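Content type mmCIF, C-alpha atoms, from the file coords34.cif:
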data_start
loop_
_atom_site.label_atom_id
_atom_site.label_comp_id
_atom_site.auth_asym_id
_atom_site.auth_seq_id
_atom_site.Cartn_x
_atom_site.Cartn_y
_atom_site.Cartn_z
CA MET A 1 42.29 -114.34 -19.38
CA GLN A 2 42.57 -116.53 -16.35
CA GLU A 3 41.36 -120.01 -17.16
CA THR A 4 42.05 -121.79 -13.90
CA GLY A 5 39.00 -122.40 -11.83
CA THR A 6 36.47 -121.57 -14.51
CA SER A 7 36.05 -125.14 -15.67
CA SER A 8 35.63 -126.51 -12.16
CA SER A 9 33.32 -123.77 -10.83
CA VAL A 10 31.26 -122.64 -13.80
CA SER A 11 30.80 -124.30 -17.14
CA ASN A 12 32.19 -122.50 -20.16
CA SER A 13 28.81 -121.21 -21.15
CA GLY A 14 28.27 -119.69 -17.72
CA MET A 15 25.13 -121.79 -17.24
CA LEU A 16 24.24 -122.96 -13.76
CA PRO A 17 22.73 -126.45 -14.19
CA GLU A 18 21.91 -126.91 -10.51
CA PHE A 19 20.02 -123.64 -10.45
CA ALA A 20 18.22 -124.50 -13.67
CA SER A 21 17.15 -127.88 -12.33
CA ALA A 22 16.12 -126.62 -8.88
CA PHE A 23 13.88 -123.92 -10.36
CA ALA A 24 12.98 -125.54 -13.67
CA SER A 25 9.33 -124.55 -13.36
CA GLU A 26 10.23 -120.92 -12.62
CA ILE A 27 12.63 -120.25 -15.47
CA LEU A 28 10.93 -118.92 -18.57
CA ALA A 29 13.97 -118.30 -20.75
CA THR A 30 17.75 -118.41 -20.65
CA GLU A 31 20.14 -116.13 -22.47
CA ASP A 32 23.90 -116.42 -22.66
CA PHE A 33 25.94 -113.44 -23.74
CA ARG A 34 29.71 -114.05 -23.77
CA GLY A 35 29.56 -116.23 -20.71
CA ASP A 36 27.21 -113.98 -18.73
CA VAL A 37 23.96 -115.81 -18.31
CA THR A 38 20.54 -114.25 -17.87
CA TYR A 39 17.58 -116.19 -16.50
CA VAL A 40 14.16 -114.76 -17.21
CA ILE A 41 12.11 -115.96 -14.27
CA LYS A 42 8.68 -115.80 -12.71
CA PRO A 43 8.64 -113.25 -9.88
CA GLN A 44 6.91 -115.38 -7.24
CA ARG A 45 9.89 -117.27 -5.75
CA ILE A 46 12.57 -114.62 -6.25
CA ARG A 47 13.77 -114.66 -2.65
CA GLU A 48 14.39 -118.41 -2.65
CA MET A 49 16.26 -118.13 -5.94
CA ILE A 50 18.49 -115.30 -4.75
CA ARG A 51 19.24 -117.18 -1.55
CA PHE A 52 20.00 -120.32 -3.56
CA LEU A 53 22.50 -118.43 -5.71
CA LYS A 54 24.11 -116.74 -2.74
CA THR A 55 24.67 -120.03 -0.95
CA LEU A 56 25.61 -122.05 -4.03
CA GLU A 57 28.59 -124.07 -2.83
CA ARG A 58 30.38 -124.44 -6.14
CA CYS A 59 30.15 -120.77 -7.03
CA PRO A 60 28.56 -118.54 -4.37
CA PHE A 61 27.24 -115.28 -5.80
CA ASN A 62 28.26 -113.28 -2.78
CA VAL A 63 28.09 -109.75 -4.23
CA MET A 64 24.89 -107.94 -5.12
CA MET A 65 26.10 -105.73 -7.95
CA ASP A 66 22.84 -104.02 -8.80
CA LEU A 67 19.10 -104.18 -8.71
CA PHE A 68 17.07 -102.02 -11.02
CA ALA A 69 13.84 -101.82 -12.92
CA MET A 70 12.90 -101.33 -16.54
CA ASP A 71 9.84 -99.77 -18.10
CA TYR A 72 9.03 -101.25 -21.50
CA LEU A 73 6.17 -98.89 -22.29
CA LYS A 74 6.41 -97.84 -25.96
CA SER A 75 9.00 -100.57 -26.52
CA ASN A 76 9.60 -101.52 -30.14
CA THR A 77 9.51 -105.21 -29.31
CA GLU A 78 6.65 -106.97 -27.63
CA MET A 79 7.37 -107.61 -23.94
CA PRO A 80 5.57 -110.04 -21.61
CA GLU A 81 4.81 -107.27 -19.11
CA ARG A 82 5.40 -103.54 -18.86
CA PHE A 83 7.93 -103.63 -16.02
CA ALA A 84 10.92 -105.83 -15.29
CA VAL A 85 13.04 -106.08 -12.15
CA ILE A 86 16.63 -107.10 -12.85
CA TYR A 87 19.09 -108.55 -10.38
CA ASN A 88 22.82 -108.54 -11.12
CA LEU A 89 24.87 -110.90 -8.98
CA TYR A 90 28.60 -111.49 -8.96
CA SER A 91 30.68 -114.31 -7.54
CA LEU A 92 34.04 -113.15 -6.23
CA PRO A 93 35.54 -116.67 -5.83
CA SER A 94 34.60 -117.72 -9.38
CA ASN A 95 34.65 -114.38 -11.17
CA ALA A 96 31.22 -115.21 -12.58
CA ARG A 97 28.14 -113.13 -13.14
CA VAL A 98 24.49 -113.98 -13.33
CA ARG A 99 21.48 -111.88 -14.10
CA LEU A 100 17.90 -112.59 -13.10
CA LYS A 101 15.09 -110.82 -14.86
CA ALA A 102 11.53 -110.93 -13.58
CA TYR A 103 8.65 -109.28 -15.41
CA VAL A 104 5.99 -107.71 -13.23
CA PRO A 105 2.61 -106.55 -14.53
CA GLU A 106 1.60 -102.92 -14.78
CA ALA A 107 -1.59 -103.54 -12.81
CA LYS A 108 0.33 -104.89 -9.84
CA PRO A 109 4.05 -104.11 -10.04
CA GLU A 110 5.03 -106.12 -7.01
CA ILE A 111 7.85 -108.46 -6.06
CA GLU A 112 9.21 -109.86 -2.82
CA SER A 113 11.98 -107.91 -1.08
CA ILE A 114 15.38 -109.56 -0.75
CA HIS A 115 16.76 -107.10 1.79
CA ASP A 116 17.36 -109.92 4.29
CA VAL A 117 19.47 -111.87 1.79
CA TYR A 118 21.62 -108.96 0.63
CA LYS A 119 21.76 -105.81 2.76
CA ALA A 120 22.72 -103.87 -0.36
CA ALA A 121 19.30 -104.59 -1.81
CA ASN A 122 17.65 -102.34 0.78
CA TRP A 123 18.54 -99.06 -0.93
CA PHE A 124 18.38 -100.54 -4.44
CA GLU A 125 14.78 -101.52 -3.80
CA ARG A 126 13.96 -98.10 -2.41
CA GLU A 127 15.44 -96.57 -5.56
CA ALA A 128 13.41 -98.85 -7.82
CA TRP A 129 10.28 -97.97 -5.87
CA ASP A 130 11.02 -94.24 -5.97
CA LEU A 131 11.72 -94.05 -9.68
CA PHE A 132 9.54 -96.83 -11.11
CA GLY A 133 6.91 -97.54 -8.48
CA ILE A 134 7.78 -101.19 -8.04
CA THR A 135 6.51 -102.41 -4.65
CA PHE A 136 8.86 -104.71 -2.75
CA THR A 137 6.76 -106.66 -0.28
CA GLY A 138 8.37 -107.20 3.09
CA HIS A 139 10.73 -104.26 2.75
CA PRO A 140 11.24 -102.64 6.19
CA HIS A 141 11.42 -99.01 5.01
CA LEU A 142 10.08 -98.61 1.50
CA GLN A 143 10.29 -94.82 1.15
CA ARG A 144 11.63 -92.44 -1.45
CA ILE A 145 15.40 -92.26 -1.53
CA LEU A 146 16.22 -89.81 -4.35
CA CYS A 147 13.13 -87.68 -4.91
CA HIS A 148 11.82 -85.47 -2.14
CA ASN A 149 8.96 -86.43 0.14
CA GLU A 150 6.36 -84.27 -1.61
CA PHE A 151 7.07 -85.81 -5.01
CA VAL A 152 4.04 -87.33 -6.71
CA GLY A 153 4.52 -90.12 -9.23
CA HIS A 154 7.52 -92.11 -10.35
CA PRO A 155 9.73 -90.06 -12.66
CA LEU A 156 11.56 -92.77 -14.63
CA ARG A 157 8.32 -94.30 -15.86
CA LYS A 158 8.04 -93.67 -19.57
CA ASP A 159 4.69 -91.95 -19.16
CA TYR A 160 6.03 -89.39 -16.67
CA PRO A 161 6.49 -86.08 -18.53
CA SER A 162 10.18 -85.21 -18.34
CA ASP A 163 9.41 -81.52 -17.89
CA GLN A 164 6.99 -81.99 -15.00
CA TYR A 165 8.89 -80.29 -12.21
CA GLN A 166 7.73 -80.57 -8.63
CA ARG A 167 8.82 -77.81 -6.28
CA LEU A 168 9.59 -78.84 -2.72
CA LYS A 169 7.54 -76.36 -0.72
CA THR A 170 8.19 -77.24 2.90
CA SER A 171 11.27 -76.22 4.86
CA ILE A 172 14.34 -78.39 5.26
CA ARG A 173 13.41 -79.73 8.65
CA SER A 174 9.99 -80.97 7.71
CA THR A 175 11.28 -83.07 4.82
CA GLY A 176 12.65 -85.62 7.25
CA MET A 177 15.68 -86.34 5.11
CA MET B 1 8.97 -65.95 -12.75
CA ILE B 2 9.83 -62.29 -12.41
CA SER B 3 8.29 -59.98 -14.92
CA VAL B 4 11.35 -58.28 -16.39
CA GLU B 5 9.42 -55.10 -17.13
CA ILE B 6 8.15 -54.72 -13.57
CA TYR B 7 11.62 -55.42 -12.24
CA ARG B 8 13.19 -52.74 -14.44
CA ASN B 9 10.56 -50.17 -13.52
CA PHE B 10 11.03 -50.95 -9.87
CA MET B 11 14.77 -50.48 -10.18
CA GLN B 12 14.23 -47.08 -11.80
CA ILE B 13 12.19 -45.94 -8.82
CA GLN B 14 14.84 -47.18 -6.41
CA ARG B 15 17.64 -45.18 -7.95
CA PRO B 16 18.73 -42.13 -5.92
CA PRO B 17 17.80 -38.79 -7.42
CA THR B 18 20.67 -37.36 -9.39
CA THR B 19 21.17 -34.15 -7.51
CA PRO B 20 24.11 -32.09 -8.79
CA VAL B 21 27.33 -32.39 -6.84
CA VAL B 22 28.53 -29.05 -5.47
CA ALA B 23 32.24 -28.57 -6.16
CA PRO B 24 34.48 -27.82 -3.16
CA SER B 25 35.32 -24.20 -2.52
CA GLU B 26 38.38 -22.64 -4.11
CA GLU B 27 40.55 -22.80 -0.99
CA ALA B 28 39.60 -26.46 -0.24
CA LYS B 29 39.83 -28.00 -3.70
CA ASP B 30 43.43 -29.14 -3.26
CA PHE B 31 42.63 -31.44 -0.36
CA ALA B 32 38.89 -32.13 -0.54
CA PHE B 33 36.38 -33.56 -2.95
CA THR B 34 32.63 -33.73 -2.85
CA THR B 35 30.28 -36.55 -3.73
CA ARG B 36 26.80 -37.75 -2.99
CA LEU B 37 26.43 -39.81 0.16
CA ALA B 38 24.60 -42.59 -1.74
CA ASP B 39 27.40 -42.84 -4.28
CA PHE B 40 29.99 -42.94 -1.52
CA ILE B 41 28.20 -45.77 0.33
CA GLN B 42 27.70 -47.74 -2.88
CA TRP B 43 31.38 -47.25 -3.76
CA GLY B 44 32.31 -48.74 -0.39
CA ARG B 45 29.89 -51.62 -0.72
CA LYS B 46 30.91 -52.66 -4.20
CA ASN B 47 34.60 -52.83 -3.26
CA SER B 48 34.18 -54.95 -0.15
CA LEU B 49 31.97 -57.86 -1.17
CA TRP B 50 32.01 -60.86 1.13
CA PRO B 51 31.23 -63.85 -1.04
CA LEU B 52 29.40 -66.95 0.12
CA PRO B 53 30.03 -69.86 -2.25
CA PHE B 54 27.00 -72.13 -2.59
CA GLY B 55 28.94 -74.68 -4.60
CA THR B 56 27.18 -77.79 -5.87
CA ALA B 57 29.05 -78.65 -9.08
CA CYS B 58 31.99 -77.90 -11.36
CA CYS B 59 31.37 -74.13 -11.32
CA ALA B 60 32.65 -74.21 -7.74
CA ILE B 61 35.93 -75.64 -9.02
CA GLU B 62 36.22 -72.70 -11.41
CA TYR B 63 35.53 -70.38 -8.52
CA MET B 64 38.50 -71.88 -6.66
CA GLY B 65 40.61 -70.63 -9.56
CA VAL B 66 38.99 -67.20 -9.27
CA VAL B 67 39.98 -66.77 -5.62
CA SER B 68 43.47 -68.24 -6.11
CA SER B 69 46.58 -66.25 -6.97
CA HIS B 70 46.42 -66.51 -10.77
CA TYR B 71 43.08 -64.75 -11.20
CA ASP B 72 43.12 -63.14 -7.76
CA VAL B 73 39.64 -61.81 -7.09
CA SER B 74 41.07 -59.69 -4.28
CA ARG B 75 41.81 -57.15 -7.01
CA PHE B 76 38.06 -56.54 -6.90
CA GLY B 77 37.75 -56.55 -3.13
CA ALA B 78 35.92 -59.88 -2.91
CA GLU B 79 38.58 -62.31 -1.73
CA VAL B 80 37.45 -63.03 1.84
CA VAL B 81 35.24 -66.06 1.25
CA ARG B 82 32.89 -66.77 4.14
CA PHE B 83 31.10 -70.06 4.67
CA SER B 84 28.51 -68.57 6.98
CA PRO B 85 25.62 -66.69 5.39
CA ARG B 86 25.56 -64.36 8.39
CA GLN B 87 29.03 -63.06 7.55
CA SER B 88 28.58 -62.56 3.83
CA ASP B 89 26.61 -60.39 1.46
CA CYS B 90 27.20 -61.87 -2.01
CA MET B 91 25.97 -65.39 -2.60
CA LEU B 92 27.46 -67.19 -5.59
CA VAL B 93 25.33 -70.14 -6.59
CA LEU B 94 27.88 -72.34 -8.31
CA GLY B 95 26.24 -75.36 -9.85
CA THR B 96 23.09 -77.41 -10.26
CA VAL B 97 20.32 -76.89 -7.75
CA VAL B 98 17.91 -79.81 -7.63
CA GLU B 99 14.35 -79.42 -6.42
CA LYS B 100 15.24 -81.18 -3.18
CA MET B 101 17.97 -78.58 -2.54
CA GLY B 102 15.58 -75.65 -3.07
CA PRO B 103 14.56 -75.11 0.59
CA VAL B 104 18.23 -75.31 1.64
CA LEU B 105 19.18 -72.57 -0.82
CA LYS B 106 16.24 -70.45 0.30
CA GLN B 107 17.11 -70.82 3.97
CA VAL B 108 20.78 -69.93 3.40
CA TYR B 109 19.71 -66.87 1.42
CA ASP B 110 17.26 -65.79 4.11
CA GLN B 111 20.02 -65.90 6.73
CA MET B 112 22.15 -63.35 4.88
CA LEU B 113 21.96 -59.77 6.11
CA GLU B 114 21.05 -56.77 3.99
CA PRO B 115 22.29 -55.54 1.61
CA LYS B 116 22.73 -58.88 -0.15
CA TYR B 117 23.38 -59.90 -3.70
CA VAL B 118 23.13 -63.13 -5.67
CA ILE B 119 25.16 -64.21 -8.70
CA ALA B 120 23.92 -67.28 -10.56
CA VAL B 121 27.12 -68.80 -11.93
CA GLY B 122 26.74 -71.20 -14.85
CA VAL B 123 23.77 -72.33 -16.87
CA CYS B 124 22.52 -74.83 -14.26
CA ALA B 125 21.94 -72.16 -11.63
CA SER B 126 20.68 -69.71 -14.25
CA SER B 127 18.22 -71.87 -16.14
CA GLY B 128 18.71 -75.53 -15.27
CA GLY B 129 21.21 -75.90 -18.09
CA PHE B 130 21.06 -79.18 -19.93
CA TYR B 131 19.09 -80.75 -17.09
CA ARG B 132 15.69 -80.45 -18.73
CA ALA B 133 14.38 -83.11 -16.40
CA TYR B 134 12.08 -83.67 -13.46
CA HIS B 135 14.69 -83.26 -10.76
CA VAL B 136 16.46 -79.94 -11.45
CA MET B 137 15.15 -76.48 -10.68
CA GLN B 138 14.96 -74.54 -13.93
CA GLY B 139 16.81 -71.50 -12.61
CA ILE B 140 17.26 -70.42 -9.01
CA ASP B 141 15.31 -67.22 -9.71
CA GLN B 142 12.24 -69.35 -9.09
CA ILE B 143 12.94 -69.12 -5.36
CA ILE B 144 15.46 -66.32 -4.75
CA PRO B 145 16.16 -63.05 -6.59
CA VAL B 146 19.23 -63.05 -8.83
CA ASP B 147 21.27 -59.95 -9.65
CA VAL B 148 23.72 -61.27 -12.24
CA TYR B 149 23.61 -64.38 -14.42
CA VAL B 150 26.93 -65.77 -15.67
CA PRO B 151 26.56 -68.09 -18.68
CA GLY B 152 28.87 -71.01 -19.37
CA CYS B 153 29.15 -74.68 -18.51
CA PRO B 154 31.21 -74.02 -16.49
CA PRO B 155 32.08 -70.37 -17.04
CA THR B 156 35.76 -69.50 -17.25
CA PRO B 157 37.29 -67.67 -14.27
CA GLU B 158 37.31 -64.60 -16.50
CA GLY B 159 33.57 -65.07 -16.93
CA ILE B 160 32.98 -65.23 -13.19
CA ILE B 161 35.13 -62.11 -12.66
CA HIS B 162 33.14 -60.39 -15.41
CA GLY B 163 29.97 -61.26 -13.52
CA MET B 164 31.38 -59.79 -10.33
CA ILE B 165 32.35 -56.59 -12.15
CA ARG B 166 28.83 -56.33 -13.54
CA LEU B 167 27.51 -56.74 -10.01
CA GLN B 168 29.82 -53.95 -8.85
CA GLU B 169 28.47 -51.71 -11.61
CA LYS B 170 24.96 -52.55 -10.54
CA ILE B 171 25.71 -51.77 -6.91
CA GLN B 172 27.30 -48.44 -7.94
CA ARG B 173 24.18 -47.55 -9.92
CA GLY B 174 22.11 -48.13 -6.84
CA GLY B 175 19.87 -50.50 -8.68
CA ILE B 176 19.84 -53.20 -6.04
CA VAL B 177 16.36 -53.53 -4.63
CA ARG B 178 15.96 -54.41 -0.99
CA ALA B 179 15.22 -58.09 -0.65
CA ARG B 180 12.00 -57.68 1.27
CA ASP B 181 10.63 -55.67 -1.65
CA ARG B 182 12.05 -58.04 -4.22
CA HIS B 183 10.17 -60.93 -2.70
CA LYS B 184 6.92 -59.29 -3.70
CA LEU B 185 8.02 -59.41 -7.32
CA ILE B 186 8.57 -63.12 -7.38
CA GLY B 187 5.49 -65.02 -8.32
CA LYS B 188 4.72 -67.99 -6.16
#
In structure tokens, what does this structure look like?
Amino acid sequence: MQETGTSSSVSNSGMLPEFASAFASEILATEDFRGDVTYVIKPQRIREMIRFLKTLERCPFNVMMDLFAMDYLKSNTEMPERFAVIYNLYSLPSNARVRLKAYVPEAKPEIESIHDVYKAANWFEREAWDLFGITFTGHPHLQRILCHNEFVGHPLRKDYPSDQYQRLKTSIRSTGM
Amino acid sequence: MISVEIYRNFMQIQRPPTTPVVAPSEEAKDFAFTTRLADFIQWGRKNSLWPLPFGTACCAIEYMGVVSSHYDVSRFGAEVVRFSPRQSDCMLVLGTVVEKMGPVLKQVYDQMLEPKYVIAVGVCASSGGFYRAYHVMQGIDQIIPVDVYVPGCPPTPEGIIHGMIRLQEKIQRGGIVRARDRHKLIGK
């Protein structure tokens, strides 16, 4: 385990005090699992937060590892909202990870797009929209990326029947993919 | 889905009438033999299959073993693999076909010339396999007619060769229905 640099860039717990203080009103909860910290946040100012983390001088989170959604329908534990959008960021200089988790309501599953902060988020957001129906406002091309164009519904939602197959009826050319 | 009963009945009708073969005359029997023309054509067809591999998953890797020297499918006259549907008559669907791939498979099949045959290799192509989920076609016979199904995940090379032998038997029997008629049997 390489110890050098960890004490100067990130505290041992993995907490980011400057992030916590800058967005104190936005952070609902903080979890720390073996040095990987998760901030449960309000979805409204997500773009500012992501940009803050990317440009953090002490420990810039310069890699967007993943962006995905969760559906907590039929969850055993009570969740604040049905859907959550989760952002996994990684800092190459500091070998640190951070996870942001924003709950979005079932009635309006919507969050701001961060495609202009991380280019990688463009396809991640399309995937989350395709499979979970999360709308990313400001996304330049929010279209299905895995399912075909005639697909109706969002198949990774827990209320989508797993055996509901949807035949693609048009020819190859008209699918536009 | 195809009604199996209708399909079988249809195949019965398509079989050539079994007229008796007249033996060659006494003076010619040392250098001549007689057969039915249909049997002769089917014998030629079954021993010169031109396979088109539609490989989408691990079954295609097994098929590489089938065409290589160890298993050597040229023993069955089907070693010249063509990657153009217009130059082949036996499509091997080797792997999972997702719903999005369906029109591609259909178009490739439509481009093949008659007579043409289809072998569904592996459980994914045959029935969807363990992909009981929204994205995988539950058997390619939903969109194209299939002559032989080879089970396995993936099937062994022996299994694929067995499937090809069964196809040869089927061709020899004359039970292959013309595709334009077969399309009528497939419910949309």
*Considering all atoms listed in the file, extract the chain B residues located within 6 Å of chain A and return them as an MDAnalysis selection string.*
chainID B and resid 99:100 103 133:134
Keeping only C-alpha atoms, take the residues you just selected and write them out as a tab-separated table (two decimals), keeping the file's coordinate frame.
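Ended up saving to result-v4.tsv:
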chain	number	residue	atom	x	y	z
B	99	GLU	CA	14.35	-79.42	-6.42
B	100	LYS	CA	15.24	-81.18	-3.18
B	103	PRO	CA	14.56	-75.11	0.59
B	133	ALA	CA	14.38	-83.11	-16.40
B	134	TYR	CA	12.08	-83.67	-13.46
_Between atom CA of B:Cys153 and atom CA of B:Pro115, distance in Å (one decimal)_ = 28.6 Å
*Work out how far apart atom CA of B:Val81 and atom CA of B:Ile161 are and give it in Å to one decimal.*
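Atom CA of B:Val81 sits 14.5 Å away from atom CA of B:Ile161.
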*asked:* Quick one: residues within 9 Å of B:Glu62, all atoms listed in the file, excluding same-chain residues fewer than 2 positions away - as a ChimeraX atom specification?
replied: /B:58-60,64-66,94,154-157,160
*Taking the file above as input, evaluate the PyMOL selection byres ((chain A and resi 63-78) around 10) and report the hits as an MDAnalysis selection string.*
chainID A and resid 50 54 60:62 79:92 97:104 106 117:129 131:134 156:159
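Against the coordinates shown, the PyMOL selection byres ((chain B and resi 22) around 8) returns Pro20, Val21, Ala23, Pro24, Thr34 and Thr35 of chain B.
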With C-alpha atoms retained, write the just-selected residues as a PDB file, in the coordinates of the input.
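This is the output file part-v1.pdb:
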ATOM      1  CA  PRO B  20      24.110 -32.090  -8.790  1.00  0.00           C
ATOM      2  CA  VAL B  21      27.330 -32.390  -6.840  1.00  0.00           C
ATOM      3  CA  ALA B  23      32.240 -28.570  -6.160  1.00  0.00           C
ATOM      4  CA  PRO B  24      34.480 -27.820  -3.160  1.00  0.00           C
ATOM      5  CA  THR B  34      32.630 -33.730  -2.850  1.00  0.00           C
ATOM      6  CA  THR B  35      30.280 -36.550  -3.730  1.00  0.00           C
TER       7      THR B  35
END
*Mind telling me what the PyMOL selection byres ((chain B and resi 131) around 12) catches here, as a ChimeraX atom specification?*
/A:162-163,165 /B:95-99,123-130,132-139,153
Take the residues from that selection and put them in a file with C-alpha atoms, as a PDB file, in the coordinates of the input.
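This is the output file result-v4.pdb:
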ATOM      1  CA  SER A 162      10.180 -85.210 -18.340  1.00  0.00           C
ATOM      2  CA  ASP A 163       9.410 -81.520 -17.890  1.00  0.00           C
ATOM      3  CA  TYR A 165       8.890 -80.290 -12.210  1.00  0.00           C
TER       4      TYR A 165
ATOM      5  CA  GLY B  95      26.240 -75.360  -9.850  1.00  0.00           C
ATOM      6  CA  THR B  96      23.090 -77.410 -10.260  1.00  0.00           C
ATOM      7  CA  VAL B  97      20.320 -76.890  -7.750  1.00  0.00           C
ATOM      8  CA  VAL B  98      17.910 -79.810  -7.630  1.00  0.00           C
ATOM      9  CA  GLU B  99      14.350 -79.420  -6.420  1.00  0.00           C
ATOM     10  CA  VAL B 123      23.770 -72.330 -16.870  1.00  0.00           C
ATOM     11  CA  CYS B 124      22.520 -74.830 -14.260  1.00  0.00           C
ATOM     12  CA  ALA B 125      21.940 -72.160 -11.630  1.00  0.00           C
ATOM     13  CA  SER B 126      20.680 -69.710 -14.250  1.00  0.00           C
ATOM     14  CA  SER B 127      18.220 -71.870 -16.140  1.00  0.00           C
ATOM     15  CA  GLY B 128      18.710 -75.530 -15.270  1.00  0.00           C
ATOM     16  CA  GLY B 129      21.210 -75.900 -18.090  1.00  0.00           C
ATOM     17  CA  PHE B 130      21.060 -79.180 -19.930  1.00  0.00           C
ATOM     18  CA  ARG B 132      15.690 -80.450 -18.730  1.00  0.00           C
ATOM     19  CA  ALA B 133      14.380 -83.110 -16.400  1.00  0.00           C
ATOM     20  CA  TYR B 134      12.080 -83.670 -13.460  1.00  0.00           C
ATOM     21  CA  HIS B 135      14.690 -83.260 -10.760  1.00  0.00           C
ATOM     22  CA  VAL B 136      16.460 -79.940 -11.450  1.00  0.00           C
ATOM     23  CA  MET B 137      15.150 -76.480 -10.680  1.00  0.00           C
ATOM     24  CA  GLN B 138      14.960 -74.540 -13.930  1.00  0.00           C
ATOM     25  CA  GLY B 139      16.810 -71.500 -12.610  1.00  0.00           C
ATOM     26  CA  CYS B 153      29.150 -74.680 -18.510  1.00  0.00           C
TER      27      CYS B 153
END
Using C-alpha atoms, give me stretch 155-169 of chain B from the structure I just pasted, as a PDB file, in the first residue's frame.
ATOM      1  CA  PRO B 155     -22.042 -27.292 -28.493  1.00  0.00           C
ATOM      2  CA  THR B 156     -18.906 -29.355 -28.950  1.00  0.00           C
ATOM      3  CA  PRO B 157     -17.419 -29.525 -32.464  1.00  0.00           C
ATOM      4  CA  GLU B 158     -18.756 -33.075 -32.582  1.00  0.00           C
ATOM      5  CA  GLY B 159     -22.195 -31.650 -31.859  1.00  0.00           C
ATOM      6  CA  ILE B 160     -21.954 -29.158 -34.712  1.00  0.00           C
ATOM      7  CA  ILE B 161     -20.758 -31.906 -37.085  1.00  0.00           C
ATOM      8  CA  HIS B 162     -23.673 -34.052 -35.915  1.00  0.00           C
ATOM      9  CA  GLY B 163     -26.000 -31.193 -36.798  1.00  0.00           C
ATOM     10  CA  MET B 164     -24.481 -30.924 -40.259  1.00  0.00           C
ATOM     11  CA  ILE B 165     -24.885 -34.677 -40.795  1.00  0.00           C
ATOM     12  CA  ARG B 166     -28.525 -34.412 -39.772  1.00  0.00           C
ATOM     13  CA  LEU B 167     -28.932 -31.603 -42.281  1.00  0.00           C
ATOM     14  CA  GLN B 168     -27.365 -33.807 -44.959  1.00  0.00           C
ATOM     15  CA  GLU B 169     -29.835 -36.566 -44.114  1.00  0.00           C
TER      16      GLU B 169
END
